[in-house]
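Report on the following structure.
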Amino acid sequence: MDAVRAYLGGRKVQLCGLAQYMNLTGITIGYTITSSISMVAVKRSNCFHKHGHHAKCETSNYPFMVIFGCIQIVLSQIPNFAKLSWLSIIASVMSFAYSFIGLGLSIAKVAGGEEDVRTTLTGVVVGVDVSGSEKVWRTLQAIGDIAFAYSFSNVLIEIQDTIKWSPVVPENKSMKRATAIGVSTTTIFYVLCGLVGYAAFGNDAPGNFLTGFGFYEPFWLIDFANICIAIHLLGAYQVFAQPLFGFVEGWCSRRWPGNRFITSEQAVRVPFYGVYYINLFRLVWRTTYVIVTALVAMLFPFFNNFLGLIGAGSFWPLVVYFPIEIHIAQTKMAKYSFKWMWLKILTWACLIVSLIAAAASIQGLIQSLQAYKPFQLQD
């Protein structure tokens, strides 16, 4: 919002804030759903190992969402974004661990050649796997999933703000280098998981090959990978929630500067930590937020469609429109110049793609809701 205010101003500041904070809320709900799916997968993996692959291992996601929420209530008391470095490092290590495990298991499955898998250049076959309309909707939903994959752009400036100033390398150059390395690394993993995963499972590939039981053995390795996912999401939740926490708390402090409930802090000595300063407003507001997001996740536990909708909704305003408009304003680009025209064409093309992907994700959510019974067991 500060970047938009500096270069664009007006109503665009409020529109940027609305898009960003709605998206951050959606991401935290999505992470609650995803972490519970991974924790359920651990329990079901052990059940399948014990009773056989055809056993009816019914498990509910909801207790694991509650567990995830309780842990987040504690982690949410981390005062601000700058104090998250240790949690971010743990999350990154977990991310690499489960990505390598997924890739390794897929490569082993392809090399083993034990089953015939149906693979085609265009994916699932119309009339065999899906109807024509289903294939179109799924393809468009996938575009939303791809957009969600680069959701870090919503907190890029907040991350850059935590980088220490150096006269040798300015913060923006450090961030540009970090972003190039990060995007390149994640793209390599995404492409490898997509290609090798499809080679391993073909048209029957599950939405998530670690939680969709594309693999059953070695069960202990599947368990470890899913535990890594859950730990990673514990940290990732905070990375996306902290900017929202900071925004609300900052706004309330400016709005009611004399309110002691909002501004006062009490020093408490915590064993093995030292002095921790408790702010009652922070405690109540952040706890309430975590509870509400967990409840929404329980009501709408649809993994791919939910991620697709979040991705489609945030991609255009936060990844395309505002950065391009800021760039045009910052460089004082001439109106109707060659570069200006192409940037505008890119903006409108991405808007159309985002709207179509959002419509497809909403259609998928409607279909899921029609067959959904709240608080049922997953079989």
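Within each chain, counting starts at residue 1; across the structure tokens, chains are named A, B, ... in the order shown, with ligands numbered 1 upward in that order.
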
| All strand (DSSP E) residues (DSSP, backbone) inside region 217-365 of chain A, as a ChimeraX atom specification | /A:266-270,274-278

Residues of region 267-321 of chain A that approach region 238-258 of chain A to 9 Å or less, counting only C-alpha atoms: could you list each one with the shortest pair of atoms and its distance in Å to one decimal, rows by chain and increasing residue number, as a Markdown table?
```
| residue | atom | partner | partner_atom | distance |
| --- | --- | --- | --- | --- |
| A:Phe281 | CA | A:Glu249 | CA | 8.2 |
| A:Arg282 | CA | A:Glu249 | CA | 7.2 |
| A:Trp285 | CA | A:Phe245 | CA | 8.3 |
| A:Arg286 | CA | A:Phe245 | CA | 7.0 |
| A:Tyr289 | CA | A:Phe245 | CA | 9.0 |
```

Would you mind exporting N, CA and C atoms of the selected residues as a PDB file, in the first residue's frame?
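Dumped to selection-v3.pdb:
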```pdb
ATOM      1  N   PHE A 281      -4.317  -6.395  23.294  1.00  0.00           N
ATOM      2  CA  PHE A 281      -5.017  -6.266  22.010  1.00  0.00           C
ATOM      3  C   PHE A 281      -4.436  -7.236  20.999  1.00  0.00           C
ATOM      4  N   ARG A 282      -3.092  -7.314  20.941  1.00  0.00           N
ATOM      5  CA  ARG A 282      -2.442  -8.240  20.010  1.00  0.00           C
ATOM      6  C   ARG A 282      -2.857  -9.681  20.303  1.00  0.00           C
ATOM      7  N   TRP A 285      -6.772 -10.039  19.307  1.00  0.00           N
ATOM      8  CA  TRP A 285      -7.013  -9.899  17.868  1.00  0.00           C
ATOM      9  C   TRP A 285      -6.409 -11.053  17.076  1.00  0.00           C
ATOM     10  N   ARG A 286      -5.157 -11.411  17.367  1.00  0.00           N
ATOM     11  CA  ARG A 286      -4.506 -12.470  16.597  1.00  0.00           C
ATOM     12  C   ARG A 286      -5.129 -13.836  16.894  1.00  0.00           C
ATOM     13  N   TYR A 289      -8.370 -13.987  14.991  1.00  0.00           N
ATOM     14  CA  TYR A 289      -8.121 -14.179  13.557  1.00  0.00           C
ATOM     15  C   TYR A 289      -7.838 -15.647  13.238  1.00  0.00           C
TER      16      TYR A 289
END
```

| said: Just want the 8 Å neighbourhood of Ala199 (chain A), counted on only C-alpha atoms, with same-chain residues fewer than 2 positions away dropped. Output as a PyMOL selection string. | reply: chain A and resi 106+110+117+119+195-197+201-202

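Rounded to one decimal, CA of Leu283 (chain A) and CA of Ile37 (chain A) lie 27.6 Å from each other.
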
Determine, counting only C-alpha atoms, which protein, DNA and RNA residues have an atom within 12 Å of an atom of Gly102 (chain A); residues of the same chain fewer than 3 positions away are not included. Present the result as a PDB file with N, CA and C atoms, in the first residue's frame.
```
ATOM      1  N   SER A  95      10.536 -27.442   3.137  1.00  0.00           N
ATOM      2  CA  SER A  95      10.067 -27.357   1.756  1.00  0.00           C
ATOM      3  C   SER A  95      10.986 -28.143   0.818  1.00  0.00           C
ATOM      4  N   PHE A  96      12.289 -27.953   0.976  1.00  0.00           N
ATOM      5  CA  PHE A  96      13.249 -28.708   0.162  1.00  0.00           C
ATOM      6  C   PHE A  96      13.125 -30.207   0.431  1.00  0.00           C
ATOM      7  N   ALA A  97      12.938 -30.572   1.699  1.00  0.00           N
ATOM      8  CA  ALA A  97      12.867 -31.989   2.071  1.00  0.00           C
ATOM      9  C   ALA A  97      11.703 -32.689   1.383  1.00  0.00           C
ATOM     10  N   TYR A  98      10.474 -32.143   1.503  1.00  0.00           N
ATOM     11  CA  TYR A  98       9.343 -32.860   0.904  1.00  0.00           C
ATOM     12  C   TYR A  98       9.348 -32.780  -0.614  1.00  0.00           C
ATOM     13  N   SER A  99       9.942 -31.707  -1.181  1.00  0.00           N
ATOM     14  CA  SER A  99      10.029 -31.608  -2.645  1.00  0.00           C
ATOM     15  C   SER A  99      10.952 -32.694  -3.194  1.00  0.00           C
ATOM     16  N   LEU A 105      10.486 -40.230  -5.190  1.00  0.00           N
ATOM     17  CA  LEU A 105       9.501 -41.307  -5.289  1.00  0.00           C
ATOM     18  C   LEU A 105       8.914 -41.396  -6.693  1.00  0.00           C
ATOM     19  N   SER A 106       8.698 -40.248  -7.334  1.00  0.00           N
ATOM     20  CA  SER A 106       8.164 -40.243  -8.705  1.00  0.00           C
ATOM     21  C   SER A 106       9.163 -40.858  -9.682  1.00  0.00           C
ATOM     22  N   ILE A 107      10.435 -40.472  -9.541  1.00  0.00           N
ATOM     23  CA  ILE A 107      11.480 -41.018 -10.419  1.00  0.00           C
ATOM     24  C   ILE A 107      11.597 -42.526 -10.225  1.00  0.00           C
ATOM     25  N   ALA A 108      11.541 -42.972  -8.949  1.00  0.00           N
ATOM     26  CA  ALA A 108      11.625 -44.404  -8.659  1.00  0.00           C
ATOM     27  C   ALA A 108      10.434 -45.153  -9.284  1.00  0.00           C
ATOM     28  N   LYS A 109       9.266 -44.545  -9.262  1.00  0.00           N
ATOM     29  CA  LYS A 109       8.067 -45.182  -9.834  1.00  0.00           C
ATOM     30  C   LYS A 109       8.201 -45.304 -11.355  1.00  0.00           C
ATOM     31  N   PHE A 189      11.577 -26.737  -9.379  1.00  0.00           N
ATOM     32  CA  PHE A 189      10.844 -27.750  -8.619  1.00  0.00           C
ATOM     33  C   PHE A 189       9.429 -27.945  -9.151  1.00  0.00           C
ATOM     34  N   TYR A 190       8.742 -26.847  -9.453  1.00  0.00           N
ATOM     35  CA  TYR A 190       7.371 -26.954  -9.974  1.00  0.00           C
ATOM     36  C   TYR A 190       7.329 -27.738 -11.277  1.00  0.00           C
ATOM     37  N   LEU A 192       9.623 -29.812 -12.514  1.00  0.00           N
ATOM     38  CA  LEU A 192      10.017 -31.212 -12.303  1.00  0.00           C
ATOM     39  C   LEU A 192       8.883 -32.026 -11.676  1.00  0.00           C
ATOM     40  N   CYS A 193       8.236 -31.449 -10.642  1.00  0.00           N
ATOM     41  CA  CYS A 193       7.119 -32.156  -9.997  1.00  0.00           C
ATOM     42  C   CYS A 193       5.993 -32.406 -10.992  1.00  0.00           C
ATOM     43  N   GLY A 194       5.692 -31.398 -11.820  1.00  0.00           N
ATOM     44  CA  GLY A 194       4.634 -31.556 -12.814  1.00  0.00           C
ATOM     45  C   GLY A 194       4.958 -32.614 -13.854  1.00  0.00           C
ATOM     46  N   VAL A 196       7.621 -34.993 -13.946  1.00  0.00           N
ATOM     47  CA  VAL A 196       7.952 -36.324 -13.417  1.00  0.00           C
ATOM     48  C   VAL A 196       6.726 -36.942 -12.748  1.00  0.00           C
ATOM     49  N   GLY A 197       5.927 -36.101 -12.059  1.00  0.00           N
ATOM     50  CA  GLY A 197       4.702 -36.604 -11.444  1.00  0.00           C
ATOM     51  C   GLY A 197       3.737 -37.152 -12.479  1.00  0.00           C
ATOM     52  N   ALA A 200       4.921 -40.420 -13.794  1.00  0.00           N
ATOM     53  CA  ALA A 200       4.735 -41.503 -12.819  1.00  0.00           C
ATOM     54  C   ALA A 200       3.284 -41.974 -12.754  1.00  0.00           C
ATOM     55  N   ASN A 208      -2.405 -33.980  -5.313  1.00  0.00           N
ATOM     56  CA  ASN A 208      -1.174 -33.824  -4.540  1.00  0.00           C
ATOM     57  C   ASN A 208      -0.622 -35.231  -4.334  1.00  0.00           C
ATOM     58  N   PHE A 209       0.506 -35.542  -4.969  1.00  0.00           N
ATOM     59  CA  PHE A 209       0.924 -36.945  -4.959  1.00  0.00           C
ATOM     60  C   PHE A 209       1.525 -37.423  -3.651  1.00  0.00           C
ATOM     61  N   LEU A 210       1.662 -36.539  -2.668  1.00  0.00           N
ATOM     62  CA  LEU A 210       2.080 -36.995  -1.338  1.00  0.00           C
ATOM     63  C   LEU A 210       0.883 -37.231  -0.425  1.00  0.00           C
ATOM     64  N   THR A 211      -0.216 -36.513  -0.653  1.00  0.00           N
ATOM     65  CA  THR A 211      -1.405 -36.697   0.181  1.00  0.00           C
ATOM     66  C   THR A 211      -2.524 -37.444  -0.539  1.00  0.00           C
ATOM     67  N   GLY A 212      -2.405 -37.606  -1.854  1.00  0.00           N
ATOM     68  CA  GLY A 212      -3.455 -38.267  -2.637  1.00  0.00           C
ATOM     69  C   GLY A 212      -3.236 -39.762  -2.796  1.00  0.00           C
ATOM     70  N   PHE A 213      -2.231 -40.286  -2.113  1.00  0.00           N
ATOM     71  CA  PHE A 213      -1.908 -41.718  -2.106  1.00  0.00           C
ATOM     72  C   PHE A 213      -1.627 -42.260  -3.505  1.00  0.00           C
ATOM     73  N   GLY A 214      -0.796 -41.487  -4.209  1.00  0.00           N
ATOM     74  CA  GLY A 214      -0.173 -42.044  -5.398  1.00  0.00           C
ATOM     75  C   GLY A 214       0.885 -43.045  -4.939  1.00  0.00           C
ATOM     76  N   PHE A 215       1.466 -42.783  -3.780  1.00  0.00           N
ATOM     77  CA  PHE A 215       2.445 -43.690  -3.175  1.00  0.00           C
ATOM     78  C   PHE A 215       1.882 -44.242  -1.860  1.00  0.00           C
ATOM     79  N   PRO A 218       7.660 -46.449   0.532  1.00  0.00           N
ATOM     80  CA  PRO A 218       7.793 -46.758   1.953  1.00  0.00           C
ATOM     81  C   PRO A 218       6.969 -45.786   2.803  1.00  0.00           C
ATOM     82  N   LEU A 221       8.588 -42.923   4.798  1.00  0.00           N
ATOM     83  CA  LEU A 221       9.085 -41.789   4.022  1.00  0.00           C
ATOM     84  C   LEU A 221       7.939 -40.855   3.628  1.00  0.00           C
ATOM     85  N   ILE A 222       6.773 -41.451   3.295  1.00  0.00           N
ATOM     86  CA  ILE A 222       5.575 -40.645   3.000  1.00  0.00           C
ATOM     87  C   ILE A 222       5.186 -39.854   4.254  1.00  0.00           C
ATOM     88  N   ASP A 223       5.233 -40.521   5.404  1.00  0.00           N
ATOM     89  CA  ASP A 223       4.907 -39.839   6.671  1.00  0.00           C
ATOM     90  C   ASP A 223       5.841 -38.661   6.912  1.00  0.00           C
ATOM     91  N   PHE A 224       7.143 -38.901   6.715  1.00  0.00           N
ATOM     92  CA  PHE A 224       8.127 -37.840   6.945  1.00  0.00           C
ATOM     93  C   PHE A 224       7.887 -36.658   6.014  1.00  0.00           C
ATOM     94  N   ALA A 225       7.603 -36.943   4.729  1.00  0.00           N
ATOM     95  CA  ALA A 225       7.354 -35.871   3.766  1.00  0.00           C
ATOM     96  C   ALA A 225       6.134 -35.046   4.157  1.00  0.00           C
ATOM     97  N   ASN A 226       5.069 -35.716   4.595  1.00  0.00           N
ATOM     98  CA  ASN A 226       3.861 -34.990   4.989  1.00  0.00           C
ATOM     99  C   ASN A 226       4.052 -34.203   6.280  1.00  0.00           C
ATOM    100  N   CYS A 228       6.890 -32.846   7.023  1.00  0.00           N
ATOM    101  CA  CYS A 228       7.646 -31.684   6.533  1.00  0.00           C
ATOM    102  C   CYS A 228       6.709 -30.628   5.952  1.00  0.00           C
ATOM    103  N   ILE A 229       5.676 -31.076   5.206  1.00  0.00           N
ATOM    104  CA  ILE A 229       4.708 -30.133   4.639  1.00  0.00           C
ATOM    105  C   ILE A 229       4.003 -29.375   5.762  1.00  0.00           C
TER     106      ILE A 229
END
```

I'd like a table as a tab-separated table: residues in region 280-367 of chain A with an atom no more than 9 Å from region 1-15 of chain A, each row giving the shortest atom pair and its distance in Å to one decimal, only C-alpha atoms counted, sorted by chain and rising residue number.
```
residue	atom	partner	partner_atom	distance
A:Pro317	CA	A:Leu15	CA	8.8
A:Phe322	CA	A:Val4	CA	7.2
A:Pro323	CA	A:Val4	CA	8.6
A:Glu325	CA	A:Leu8	CA	7.7
A:Ile326	CA	A:Tyr7	CA	5.9
A:His327	CA	A:Tyr7	CA	8.9
A:Ala329	CA	A:Tyr7	CA	6.3
A:Gln330	CA	A:Tyr7	CA	6.8
```

Those selected residues, please, written with all heavy atoms and delivered as a compact mmCIF listing (two decimals), in the first residue's frame.
```txt
# COMPACT_ATOMS: atom_id res chain seq x y z
N PRO A 317 -4.36 -8.05 -9.80
CA PRO A 317 -4.07 -6.76 -9.16
C PRO A 317 -2.68 -6.67 -8.55
O PRO A 317 -2.02 -5.62 -8.67
CB PRO A 317 -5.15 -6.65 -8.07
CG PRO A 317 -5.60 -8.03 -7.82
CD PRO A 317 -5.45 -8.76 -9.12
N PHE A 322 -0.79 -3.42 -10.41
CA PHE A 322 -0.11 -2.40 -9.60
C PHE A 322 1.38 -2.31 -9.88
O PHE A 322 1.92 -1.20 -10.01
CB PHE A 322 -0.39 -2.63 -8.11
CG PHE A 322 -1.77 -2.23 -7.69
CD1 PHE A 322 -2.66 -3.15 -7.17
CD2 PHE A 322 -2.21 -0.92 -7.85
CE1 PHE A 322 -3.94 -2.78 -6.80
CE2 PHE A 322 -3.49 -0.53 -7.49
CZ PHE A 322 -4.36 -1.47 -6.96
N PRO A 323 2.12 -3.44 -10.00
CA PRO A 323 3.55 -3.32 -10.34
C PRO A 323 3.79 -2.62 -11.68
O PRO A 323 4.71 -1.80 -11.79
CB PRO A 323 4.02 -4.77 -10.37
CG PRO A 323 3.10 -5.49 -9.46
CD PRO A 323 1.77 -4.83 -9.65
N GLU A 325 1.74 -0.43 -13.24
CA GLU A 325 1.37 0.98 -13.11
C GLU A 325 2.44 1.76 -12.33
O GLU A 325 2.76 2.91 -12.67
CB GLU A 325 0.01 1.10 -12.41
CG GLU A 325 -1.17 0.63 -13.26
CD GLU A 325 -1.33 1.43 -14.54
OE1 GLU A 325 -1.40 2.67 -14.46
OE2 GLU A 325 -1.36 0.81 -15.62
N ILE A 326 3.00 1.15 -11.28
CA ILE A 326 4.07 1.80 -10.52
C ILE A 326 5.30 2.00 -11.40
O ILE A 326 5.95 3.05 -11.38
CB ILE A 326 4.42 0.98 -9.25
CG1 ILE A 326 3.29 1.10 -8.21
CG2 ILE A 326 5.74 1.45 -8.65
CD1 ILE A 326 3.45 0.18 -7.02
N HIS A 327 5.63 0.96 -12.21
CA HIS A 327 6.79 1.05 -13.11
C HIS A 327 6.60 2.18 -14.12
O HIS A 327 7.53 2.96 -14.38
CB HIS A 327 6.98 -0.28 -13.83
CG HIS A 327 8.07 -0.26 -14.86
ND1 HIS A 327 9.41 -0.13 -14.52
CD2 HIS A 327 8.02 -0.31 -16.22
CE1 HIS A 327 10.14 -0.12 -15.64
NE2 HIS A 327 9.31 -0.23 -16.67
N ALA A 329 4.71 4.86 -13.77
CA ALA A 329 4.80 6.14 -13.06
C ALA A 329 6.23 6.46 -12.65
O ALA A 329 6.70 7.60 -12.75
CB ALA A 329 3.89 6.11 -11.83
N GLN A 330 6.96 5.44 -12.19
CA GLN A 330 8.33 5.63 -11.69
C GLN A 330 9.28 6.06 -12.81
O GLN A 330 10.14 6.92 -12.62
CB GLN A 330 8.81 4.32 -11.05
CG GLN A 330 10.11 4.43 -10.29
CD GLN A 330 10.53 3.09 -9.71
OE1 GLN A 330 10.46 2.06 -10.39
NE2 GLN A 330 10.93 3.08 -8.46
```

| query | In region 72-314 of chain A, what's helix (DSSP H, G or I) per DSSP? Answer as a ChimeraX atom specification? | reply | /A:72-75,81-83,85-112,132-149,151-160,171-204,219-255,260-263,280-299,303-314

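Comparing the minimum interatomic distances between Ser36 (chain A) and each of A:Phe64, A:Phe315, A:Phe48, A:Tyr216, counting only C-alpha atoms, we find that A:Phe64 sits nearest.
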
| message | Which residue is closest to Pro301 (chain A)? Choose from A:Ala55, A:Leu103, A:Met175, A:Leu369 and count only C-alpha atoms. | response | A:Leu369

| 8 Å contact set for Ile227 (chain A), only C-alpha atoms, chain neighbours under 3 positions out, as number ranges by chain | A: 38-39, 42, 223-224, 230-231

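With distances restricted to only C-alpha atoms, A:Leu309 is the closest residue to Ile366 (chain A) from A:Ala349, A:Cys70, A:Leu309, A:Val275.
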
| query | How many Å lie between CA of Ile328 (chain A) and CA of Leu343 (chain A), rounded to one decimal? | reply |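 Atom-to-atom, CA of Ile328 (chain A) to CA of Leu343 (chain A), that is 8.9 Å.
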
| request: Quick one: pull the distance between CA of His49 (chain A) and CA of Leu234 (chain A), Å, one decimal. | output: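 If I compute the distance from CA of His49 (chain A) to CA of Leu234 (chain A), I get 26.9 Å.
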
| So, counting only C-alpha atoms, which residue among A:Gln141, A:Thr347, A:Phe261, A:Lys335 is closest to Leu365 (chain A)? |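 Residue with the minimum atom-to-atom distance to Leu365 (chain A): A:Gln141.
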
At a cut-off of 7 Å, using only C-alpha atoms, what residues contact Ser354 (chain A)? Leave out same-chain residues fewer than 6 positions from it and give the result as a PDB file with N, CA and C atoms, in the first residue's frame.
```pdb
ATOM      1  N   ALA A 312      -6.231 -16.828  -8.696  1.00  0.00           N
ATOM      2  CA  ALA A 312      -6.849 -16.034  -9.757  1.00  0.00           C
ATOM      3  C   ALA A 312      -7.238 -14.652  -9.258  1.00  0.00           C
ATOM      4  N   GLY A 313      -7.732 -14.576  -8.020  1.00  0.00           N
ATOM      5  CA  GLY A 313      -8.187 -13.304  -7.479  1.00  0.00           C
ATOM      6  C   GLY A 313      -7.068 -12.326  -7.186  1.00  0.00           C
ATOM      7  N   PHE A 315      -3.745 -12.593  -8.542  1.00  0.00           N
ATOM      8  CA  PHE A 315      -2.705 -12.532  -9.569  1.00  0.00           C
ATOM      9  C   PHE A 315      -2.740 -11.202 -10.326  1.00  0.00           C
ATOM     10  N   TRP A 316      -3.923 -10.827 -10.829  1.00  0.00           N
ATOM     11  CA  TRP A 316      -3.966  -9.632 -11.679  1.00  0.00           C
ATOM     12  C   TRP A 316      -3.664  -8.347 -10.916  1.00  0.00           C
TER      13      TRP A 316
END
```
